[in-house]
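S.K.: target02.tsv is reproduced in full below (TSV, C-alpha atoms).
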```tsv
chain	number	residue	atom	x	y	z
R	1	MET	CA	13.99	-100.08	13.30
R	2	ARG	CA	15.69	-100.71	9.97
R	3	GLY	CA	15.20	-102.38	6.60
R	4	ILE	CA	11.93	-103.21	4.88
R	5	VAL	CA	8.94	-103.47	7.21
R	6	ASP	CA	6.43	-105.45	5.19
R	7	PHE	CA	2.75	-105.67	6.20
R	8	GLU	CA	1.58	-106.76	2.76
R	9	TYR	CA	-1.81	-108.52	2.91
R	10	CYS	CA	-1.75	-108.42	6.71
R	11	LYS	CA	-4.82	-107.73	8.82
R	12	ILE	CA	-4.05	-105.66	11.90
R	13	THR	CA	-6.77	-105.96	14.55
R	14	ASP	CA	-7.76	-103.69	17.45
R	15	SER	CA	-5.14	-100.93	17.10
R	16	ALA	CA	-1.77	-100.27	15.48
R	17	ASP	CA	0.84	-98.32	17.41
R	18	PHE	CA	3.78	-97.13	15.31
R	19	SER	CA	4.40	-94.09	17.48
R	20	ASP	CA	7.77	-92.82	18.65
R	21	LEU	CA	9.80	-95.26	16.55
R	22	LYS	CA	13.48	-94.63	15.91
R	23	LEU	CA	13.78	-95.10	12.18
R	24	ASP	CA	16.98	-96.02	10.41
R	25	PRO	CA	17.53	-94.37	6.98
R	26	SER	CA	17.06	-97.81	5.42
R	27	VAL	CA	13.50	-98.24	6.75
R	28	LYS	CA	10.69	-98.62	4.24
R	29	PHE	CA	7.12	-99.47	5.23
R	30	ILE	CA	4.99	-101.54	2.87
R	31	PHE	CA	1.22	-101.52	3.44
R	32	GLN	CA	0.10	-103.13	0.18
R	33	ALA	CA	-3.43	-104.56	0.71
R	34	THR	CA	-3.04	-104.20	4.48
R	35	GLU	CA	-6.23	-104.04	6.55
R	36	PHE	CA	-5.86	-101.36	9.19
R	37	PRO	CA	-7.56	-101.37	12.59
R	38	HIS	CA	-9.92	-98.71	13.85
R	39	PHE	CA	-7.10	-96.79	15.58
R	40	PHE	CA	-3.77	-96.13	13.89
R	41	ASP	CA	-1.07	-94.22	15.77
R	42	LEU	CA	1.70	-92.73	13.61
R	43	SER	CA	2.63	-89.94	15.99
R	44	GLN	CA	6.13	-88.82	16.95
R	45	LEU	CA	7.69	-89.93	13.65
R	46	VAL	CA	9.95	-87.04	12.76
R	47	ASN	CA	12.71	-88.47	10.58
R	48	ILE	CA	10.83	-90.61	8.08
R	49	PRO	CA	13.37	-91.70	5.45
R	50	THR	CA	10.95	-92.75	2.69
R	51	GLU	CA	7.32	-91.99	1.96
R	52	ILE	CA	4.73	-94.06	3.82
R	53	ASP	CA	2.03	-94.88	1.29
R	54	LEU	CA	-1.30	-95.68	2.93
R	55	THR	CA	-3.33	-95.42	-0.27
R	56	VAL	CA	-2.42	-98.98	-1.31
R	57	ALA	CA	-4.01	-100.58	1.76
R	58	ASN	CA	-7.22	-102.60	1.72
R	59	PHE	CA	-10.16	-100.41	2.76
R	60	ALA	CA	-12.93	-102.75	1.64
R	61	GLU	CA	-14.37	-102.98	5.17
R	62	ASN	CA	-14.07	-99.27	5.93
R	63	THR	CA	-17.27	-97.38	5.19
R	64	GLN	CA	-18.08	-93.68	5.43
R	65	ASP	CA	-19.27	-94.23	9.01
R	66	ASN	CA	-16.42	-96.57	9.91
R	67	ARG	CA	-13.30	-94.66	9.01
R	68	ILE	CA	-9.90	-95.18	10.60
R	69	PHE	CA	-8.82	-92.82	13.36
R	70	ILE	CA	-5.24	-91.79	12.73
R	71	CYS	CA	-2.94	-89.89	15.09
R	72	LEU	CA	-0.18	-87.76	13.54
R	73	TYR	CA	1.11	-85.61	16.40
R	74	ASN	CA	4.68	-84.40	15.82
R	75	THR	CA	4.99	-86.45	12.64
R	76	ASP	CA	6.37	-85.28	9.32
R	77	VAL	CA	3.07	-85.56	7.46
R	78	SER	CA	4.71	-84.53	4.19
R	79	LYS	CA	6.03	-88.10	4.09
R	80	ILE	CA	2.55	-89.61	4.57
R	81	LYS	CA	0.48	-90.37	1.48
R	82	MET	CA	-3.15	-91.06	2.29
R	83	ASP	CA	-6.66	-90.78	0.93
R	84	TYR	CA	-8.63	-88.94	3.60
R	85	SER	CA	-11.91	-90.56	2.58
R	86	HIS	CA	-10.75	-93.56	4.64
R	87	PHE	CA	-9.41	-91.66	7.64
R	88	THR	CA	-10.27	-89.07	10.24
R	89	LEU	CA	-7.81	-87.34	12.54
R	90	TRP	CA	-7.59	-88.68	16.07
R	91	LEU	CA	-6.58	-85.79	18.33
R	92	PRO	CA	-6.55	-86.83	22.00
R	93	ASP	CA	-5.56	-84.27	24.61
R	94	SER	CA	-2.79	-86.54	25.90
R	95	ILE	CA	-0.98	-89.79	25.08
R	96	ARG	CA	1.19	-92.04	27.25
R	97	TYR	CA	3.95	-93.31	25.01
R	98	LYS	CA	5.99	-96.48	25.36
R	99	MET	CA	9.18	-97.04	27.32
R	100	GLY	CA	7.77	-95.58	30.54
R	101	ARG	CA	7.73	-92.01	29.31
R	102	SER	CA	5.50	-89.50	31.02
R	103	VAL	CA	2.21	-88.49	29.53
R	104	GLU	CA	2.56	-86.17	26.53
R	105	ARG	CA	-0.05	-83.44	26.47
R	106	PHE	CA	-1.17	-81.62	23.35
R	107	SER	CA	-2.55	-78.11	23.10
R	108	SER	CA	-5.04	-76.66	20.65
R	109	GLU	CA	-2.05	-75.17	18.80
R	110	ASP	CA	-0.67	-78.69	18.31
R	111	LYS	CA	-3.98	-79.79	16.84
R	112	VAL	CA	-4.18	-76.77	14.55
R	113	SER	CA	-0.65	-77.50	13.37
R	114	ILE	CA	-1.64	-81.05	12.40
R	115	TYR	CA	-4.67	-79.85	10.46
R	116	GLU	CA	-2.72	-77.20	8.58
R	117	SER	CA	0.24	-79.47	7.82
R	118	LEU	CA	-2.03	-82.18	6.47
R	119	LEU	CA	-4.00	-79.65	4.42
R	120	ASN	CA	-0.74	-78.44	2.88
R	121	ASN	CA	0.19	-82.04	2.17
R	122	PHE	CA	-3.06	-82.69	0.30
R	123	LYS	CA	-2.78	-79.39	-1.57
R	124	SER	CA	0.78	-80.04	-2.71
R	125	ARG	CA	-0.20	-83.51	-3.95
R	126	GLY	CA	-3.27	-82.23	-5.76
R	127	GLN	CA	-5.61	-84.35	-3.63
R	128	LEU	CA	-8.54	-81.96	-3.83
R	129	GLU	CA	-11.21	-84.30	-2.45
R	130	SER	CA	-9.09	-85.14	0.58
R	131	TYR	CA	-8.32	-81.44	1.03
R	132	GLU	CA	-12.01	-80.52	0.98
R	133	ARG	CA	-12.97	-83.28	3.40
R	134	LEU	CA	-10.27	-82.30	5.89
R	135	ASP	CA	-11.02	-78.59	5.48
R	136	HIS	CA	-14.64	-79.19	6.49
R	137	GLU	CA	-13.40	-81.09	9.52
R	138	TYR	CA	-10.92	-78.33	10.39
R	139	ARG	CA	-13.61	-75.64	10.15
R	140	ASP	CA	-15.81	-77.68	12.49
R	141	TYR	CA	-12.93	-77.97	14.95
R	142	ARG	CA	-12.24	-74.23	14.94
R	143	SER	CA	-15.91	-73.43	15.50
R	144	ARG	CA	-16.14	-75.47	18.72
R	145	ARG	CA	-14.82	-72.67	20.91
R	146	HIS	CA	-17.99	-70.55	20.92
R	147	TRP	CA	-21.64	-71.12	20.10
R	148	TYR	CA	-21.75	-68.21	17.67
R	149	LEU	CA	-18.80	-69.66	15.74
R	150	ARG	CA	-20.71	-72.93	15.43
R	151	LEU	CA	-23.72	-70.98	14.16
R	152	LEU	CA	-21.64	-69.08	11.60
R	153	ALA	CA	-19.96	-72.31	10.51
R	154	LEU	CA	-23.35	-73.95	10.04
R	155	ILE	CA	-24.63	-71.03	7.97
R	156	ASN	CA	-21.47	-71.06	5.86
R	157	ARG	CA	-21.82	-74.80	5.29
R	158	ILE	CA	-25.47	-74.54	4.27
R	159	TRP	CA	-25.06	-71.35	2.22
R	160	TRP	CA	-22.31	-72.58	-0.11
R	161	ASN	CA	-20.66	-75.65	1.43
R	162	ASP	CA	-17.73	-73.63	2.83
R	163	GLY	CA	-17.09	-72.18	-0.62
R	164	TYR	CA	-16.77	-75.53	-2.37
R	165	THR	CA	-20.22	-75.44	-4.01
R	166	LYS	CA	-20.63	-71.85	-5.16
R	167	GLY	CA	-23.72	-72.74	-7.19
R	168	LEU	CA	-25.61	-73.10	-3.91
R	169	VAL	CA	-25.61	-69.30	-3.63
R	170	PHE	CA	-27.89	-69.07	-6.68
R	171	PHE	CA	-30.08	-71.86	-5.32
R	172	TRP	CA	-30.60	-70.00	-2.04
R	173	ALA	CA	-31.12	-66.73	-3.91
R	174	VAL	CA	-34.01	-68.34	-5.79
R	175	ILE	CA	-35.43	-69.81	-2.57
R	176	PHE	CA	-35.30	-66.47	-0.75
R	177	ASN	CA	-36.82	-64.68	-3.73
R	178	VAL	CA	-39.73	-67.11	-3.75
R	179	ILE	CA	-40.24	-66.68	0.01
R	180	PHE	CA	-40.12	-62.88	-0.06
R	181	THR	CA	-42.18	-62.71	-3.23
R	182	THR	CA	-44.90	-64.65	-1.44
R	183	ILE	CA	-44.71	-62.28	1.54
R	184	ASN	CA	-44.64	-59.19	-0.67
R	185	PHE	CA	-47.67	-60.45	-2.57
R	186	PHE	CA	-49.87	-59.67	0.44
R	187	ILE	CA	-48.36	-56.26	1.25
R	188	LEU	CA	-47.25	-55.04	-2.17
R	189	SER	CA	-49.44	-51.94	-2.08
R	190	LYS	CA	-48.07	-50.78	1.29
R	191	LEU	CA	-44.50	-51.54	0.27
R	192	ASN	CA	-44.87	-49.55	-2.92
R	193	GLU	CA	-46.36	-46.59	-1.06
R	194	HIS	CA	-44.20	-46.49	2.06
R	195	VAL	CA	-40.95	-48.38	1.39
R	196	TYR	CA	-39.69	-48.36	-2.19
R	197	GLU	CA	-41.74	-47.14	-5.09
R	198	MET	CA	-41.76	-49.16	-8.27
R	199	GLU	CA	-42.43	-46.92	-11.22
R	200	ASN	CA	-45.30	-47.67	-13.59
R	201	LEU	CA	-46.90	-50.18	-11.24
R	202	PRO	CA	-50.54	-50.60	-12.34
R	203	SER	CA	-53.38	-50.32	-9.88
R	204	LEU	CA	-53.53	-53.39	-7.69
R	205	THR	CA	-57.29	-53.15	-7.33
R	206	ASP	CA	-59.00	-56.09	-8.98
R	207	MET	CA	-55.64	-57.27	-10.37
R	208	LYS	CA	-55.56	-60.97	-11.17
R	209	ILE	CA	-53.64	-63.15	-8.72
R	210	ALA	CA	-51.13	-64.30	-11.31
R	211	THR	CA	-50.47	-60.72	-12.43
R	212	LYS	CA	-50.09	-59.47	-8.87
R	213	TRP	CA	-47.71	-62.32	-8.07
R	214	TRP	CA	-45.69	-61.40	-11.17
R	215	TYR	CA	-45.35	-57.79	-10.03
R	216	SER	CA	-44.49	-59.01	-6.54
R	217	LEU	CA	-41.70	-61.06	-8.09
R	218	ILE	CA	-40.44	-58.06	-10.07
R	219	TYR	CA	-40.52	-55.95	-6.90
R	220	THR	CA	-38.57	-58.56	-4.92
R	221	VAL	CA	-36.03	-59.19	-7.66
R	222	GLY	CA	-35.63	-55.46	-8.02
R	223	ILE	CA	-34.57	-55.21	-4.38
R	224	PHE	CA	-32.28	-58.24	-4.55
R	225	PHE	CA	-30.69	-57.82	-7.95
R	226	SER	CA	-31.30	-54.32	-9.29
R	227	PRO	CA	-28.00	-52.53	-10.01
R	228	TYR	CA	-29.10	-49.82	-7.62
R	229	VAL	CA	-32.04	-48.54	-5.68
R	230	GLU	CA	-31.95	-44.77	-5.89
R	231	ASN	CA	-34.06	-42.03	-4.36
R	232	GLY	CA	-36.52	-44.51	-2.91
R	233	GLU	CA	-37.46	-45.86	-6.34
R	234	ILE	CA	-36.72	-49.26	-7.83
R	235	GLU	CA	-35.42	-49.01	-11.35
R	236	VAL	CA	-35.91	-52.17	-13.37
```
What is this file in C-alpha cells?
M.R.:
Amino acid sequence: MRGIVDFEYCKITDSADFSDLKLDPSVKFIFQATEFPHFFDLSQLVNIPTEIDLTVANFAENTQDNRIFICLYNTDVSKIKMDYSHFTLWLPDSIRYKMGRSVERFSSEDKVSIYESLLNNFKSRGQLESYERLDHEYRDYRSRRHWYLRLLALINRIWWNDGYTKGLVFFWAVIFNVIFTTINFFILSKLNEHVYEMENLPSLTDMKIATKWWYSLIYTVGIFFSPYVENGEIEV
C-alpha cells in the first residue's frame, strides 16, 4: 500500500480490517470525520511511516457504552494518536490473518505489552484522561488471575480510585470515624477501662447523649489520628 489513503467523511460499517498491511514509506492515512465501525483491527502494523491520527474521526454515534474495539497487536502504537474515551482494547486470544496464514495466538505477555506501550504513548503525549482510563482497564485485566487480586483491585478502586482521586481517602476516613464513633458510643466506658485510657475523661454516668457522643468522637479520632498512642493512653 502506498500514497495517501483517504477515508475522509466515510462511514465504515461492520468492521474495519487494516491488519498486516505492507506499508510503503509514502503511505499516509486520513481519517478526518470518518465514522468507524464497532471493531477496528490495526494489528501487525510495524513500519508505520507517518502518524495515524484517529482523534479527527467522527465519534458522534459512539457513546460511553458503545465504544470502538480496537486491536493493536504487534503494532507500533507510538505512531497511533487516539482519544481513549472512544476506544477500548480488543485483545482476542488468537486471530486468523489474511492471505491464508495460520492462526496467530497471543499470550498474556503480548496483552500486557500492548497495555504498557499504549500507556507510554498516552503519557508521552500528555493525554492524562486517556492514560487514566486505560490504566483502570489495565489494572482490571491484571486482577483477573485470582479472586483475591480482584478483591484488592476493587478495594483500591473504591478507596482512592487507583490513586487518581486522593481526596477519597479523607472522605473514607470521615465515614469510618463516624461508624466507629457510633460503635464506641455504646462501649466507651469499657474501652476506656480495658483498651486505651483517655486521660481526663469525665464520668459517663448520667452524661448527656450529645456530650457522650462528643467524647466518643474524640476517642475515635485519637486512635485514628493521634500522633502516637503511648503506654496504653491516648494523648490528645
S.K.: What's the separation between atom CA of R:Arg133 and atom CA of R:Arg150, in Å to one decimal place?
M.R.: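 Computing it gives 17.7 Å between the two atoms.
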S.K.: Taking all atoms listed in the file into account, which of R:Ile175, R:Leu45, R:Asn200, R:Pro92 comes nearest R:Val221?
M.R.: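 Selected residue with least distance to R:Val221: R:Ile175.
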S.K.: Any idea what the distance is between atom CA of R:Thr34 and atom CA of R:Glu116?
M.R.: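 Atom-to-atom, atom CA of R:Thr34 to atom CA of R:Glu116, that is 27.3 Å.
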S.K.: So the first atom is atom CA of R:Asp41 and the second is atom CA of R:Cys71; what is the distance between them in Å, to one decimal place?
M.R.: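 For atom CA of R:Asp41 relative to atom CA of R:Cys71, the distance reads 4.8 Å.
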S.K.: Counting all atoms listed in the file, select every polymer residue within 9 Å of (-7.6, -94.6, -0.8) as defined in the file's coordinates, and provide the selection as a list in words.
M.R.: Leu54, Thr55, Val56, Ala57, Asn58, Phe59, Met82, Asp83, Tyr84, Ser85 and His86 of chain R
S.K.: Find, counting only C-alpha atoms, the residue in R:Tyr73, R:Phe36, R:Phe122, R:Phe29 that gets nearest to R:Asp110.
M.R.: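 Under the stated criterion, the closest residue is R:Tyr73.
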S.K.: Would you pick out the contacts of R:Ala210 at 12 Å or less, using all atoms listed in the file, so that residues sharing its chain but fewer than 5 positions from it are not included, and give the list as a compact mmCIF listing (two decimals) with C-alpha atoms, in the frame of the given file?
M.R.:
```
# COMPACT_ATOMS: atom_id res chain seq x y z
CA THR R 182 -44.90 -64.65 -1.44
CA PHE R 185 -47.67 -60.45 -2.57
CA LEU R 204 -53.53 -53.39 -7.69
CA TYR R 215 -45.35 -57.79 -10.03
CA SER R 216 -44.49 -59.01 -6.54
CA LEU R 217 -41.70 -61.06 -8.09
```
S.K.: Find the residues around R:Thr181 up to 12 Å (all atoms listed in the file counted), leave out those fewer than 4 positions away in its own chain, and share them as a VMD selection string.
M.R.: chain R and resid 173 to 177 185 to 188 191 212 to 224
S.K.: Leaving out R:Asn156 and any residue of its chain fewer than 3 positions from it, which residues lie within 12 Å of it when counting only C-alpha atoms, given as a list in words?
M.R.: His136, Arg139, Asp140, Ser143, Leu149, Arg150, Leu151, Leu152, Ala153, Trp159, Trp160, Asn161, Asp162, Gly163, Tyr164, Thr165, Lys166, Leu168 and Val169 of chain R
S.K.: Using only C-alpha atoms, which of R:Tyr141, R:Tyr131, R:Phe87, R:Tyr196 sits nearest R:Val112?
M.R.: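 For R:Val112, the nearest of the given residues is R:Tyr141.
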S.K.: Pick out the closest residue to R:Thr88 from this set: R:Gln44, R:Glu137, R:Asn121, R:Trp172. Count all atoms listed in the file.
M.R.: R:Glu137
S.K.: Since the input has fewer atoms than a full residue there, write stretch 134-155 of chain R out with N, CA, C and O atoms, as a CSV table (one decimal), keeping the file's coordinate frame.
M.R.:
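File written: rebuild_38.csv
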```
chain,number,residue,atom,x,y,z
R,134,LEU,N,-11.0,-82.7,4.7
R,134,LEU,CA,-10.3,-82.3,5.9
R,134,LEU,C,-10.6,-80.8,6.2
R,134,LEU,O,-10.7,-80.5,7.4
R,135,ASP,N,-10.7,-80.0,5.2
R,135,ASP,CA,-11.0,-78.6,5.5
R,135,ASP,C,-12.4,-78.4,6.2
R,135,ASP,O,-12.5,-77.6,7.1
R,136,HIS,N,-13.4,-79.2,5.8
R,136,HIS,CA,-14.6,-79.2,6.5
R,136,HIS,C,-14.4,-79.6,8.0
R,136,HIS,O,-15.0,-78.9,8.9
R,137,GLU,N,-13.7,-80.6,8.2
R,137,GLU,CA,-13.4,-81.1,9.5
R,137,GLU,C,-12.7,-80.0,10.3
R,137,GLU,O,-13.0,-79.8,11.5
R,138,TYR,N,-11.7,-79.4,9.7
R,138,TYR,CA,-10.9,-78.3,10.4
R,138,TYR,C,-11.8,-77.1,10.8
R,138,TYR,O,-11.7,-76.6,11.9
R,139,ARG,N,-12.7,-76.7,9.9
R,139,ARG,CA,-13.6,-75.6,10.2
R,139,ARG,C,-14.5,-76.0,11.3
R,139,ARG,O,-14.8,-75.1,12.2
R,140,ASP,N,-15.0,-77.2,11.4
R,140,ASP,CA,-15.8,-77.7,12.5
R,140,ASP,C,-15.0,-77.6,13.8
R,140,ASP,O,-15.6,-77.2,14.8
R,141,TYR,N,-13.8,-78.0,13.7
R,141,TYR,CA,-12.9,-78.0,15.0
R,141,TYR,C,-12.7,-76.5,15.4
R,141,TYR,O,-12.9,-76.3,16.6
R,142,ARG,N,-12.5,-75.6,14.5
R,142,ARG,CA,-12.2,-74.2,14.9
R,142,ARG,C,-13.5,-73.6,15.5
R,142,ARG,O,-13.4,-72.6,16.3
R,143,SER,N,-14.7,-74.1,15.1
R,143,SER,CA,-15.9,-73.4,15.5
R,143,SER,C,-16.4,-73.9,16.9
R,143,SER,O,-17.4,-73.4,17.4
R,144,ARG,N,-15.7,-74.9,17.5
R,144,ARG,CA,-16.1,-75.5,18.7
R,144,ARG,C,-16.0,-74.5,19.9
R,144,ARG,O,-16.6,-74.7,21.0
R,145,ARG,N,-15.2,-73.5,19.8
R,145,ARG,CA,-14.8,-72.7,20.9
R,145,ARG,C,-16.0,-71.9,21.4
R,145,ARG,O,-16.1,-71.6,22.6
R,146,HIS,N,-16.9,-71.4,20.5
R,146,HIS,CA,-18.0,-70.6,20.9
R,146,HIS,C,-19.2,-70.9,20.1
R,146,HIS,O,-19.1,-71.4,19.0
R,147,TRP,N,-20.4,-70.7,20.8
R,147,TRP,CA,-21.6,-71.1,20.1
R,147,TRP,C,-21.9,-70.3,18.8
R,147,TRP,O,-22.4,-70.8,17.8
R,148,TYR,N,-21.5,-69.0,18.8
R,148,TYR,CA,-21.8,-68.2,17.7
R,148,TYR,C,-20.8,-68.6,16.5
R,148,TYR,O,-21.2,-68.5,15.3
R,149,LEU,N,-19.7,-69.1,16.8
R,149,LEU,CA,-18.8,-69.7,15.7
R,149,LEU,C,-19.4,-70.9,15.1
R,149,LEU,O,-19.3,-71.1,13.9
R,150,ARG,N,-20.0,-71.7,16.0
R,150,ARG,CA,-20.7,-72.9,15.4
R,150,ARG,C,-21.9,-72.5,14.5
R,150,ARG,O,-22.1,-73.2,13.5
R,151,LEU,N,-22.6,-71.5,15.0
R,151,LEU,CA,-23.7,-71.0,14.2
R,151,LEU,C,-23.2,-70.4,12.8
R,151,LEU,O,-23.8,-70.8,11.8
R,152,LEU,N,-22.2,-69.6,12.8
R,152,LEU,CA,-21.6,-69.1,11.6
R,152,LEU,C,-21.1,-70.2,10.7
R,152,LEU,O,-21.3,-70.1,9.5
R,153,ALA,N,-20.5,-71.2,11.3
R,153,ALA,CA,-20.0,-72.3,10.5
R,153,ALA,C,-21.1,-73.1,9.8
R,153,ALA,O,-21.0,-73.5,8.7
R,154,LEU,N,-22.2,-73.3,10.6
R,154,LEU,CA,-23.4,-74.0,10.0
R,154,LEU,C,-24.0,-73.2,8.9
R,154,LEU,O,-24.3,-73.8,7.8
R,155,ILE,N,-24.1,-71.9,9.0
R,155,ILE,CA,-24.6,-71.0,8.0
R,155,ILE,C,-23.7,-71.1,6.7
R,155,ILE,O,-24.2,-71.2,5.6
```
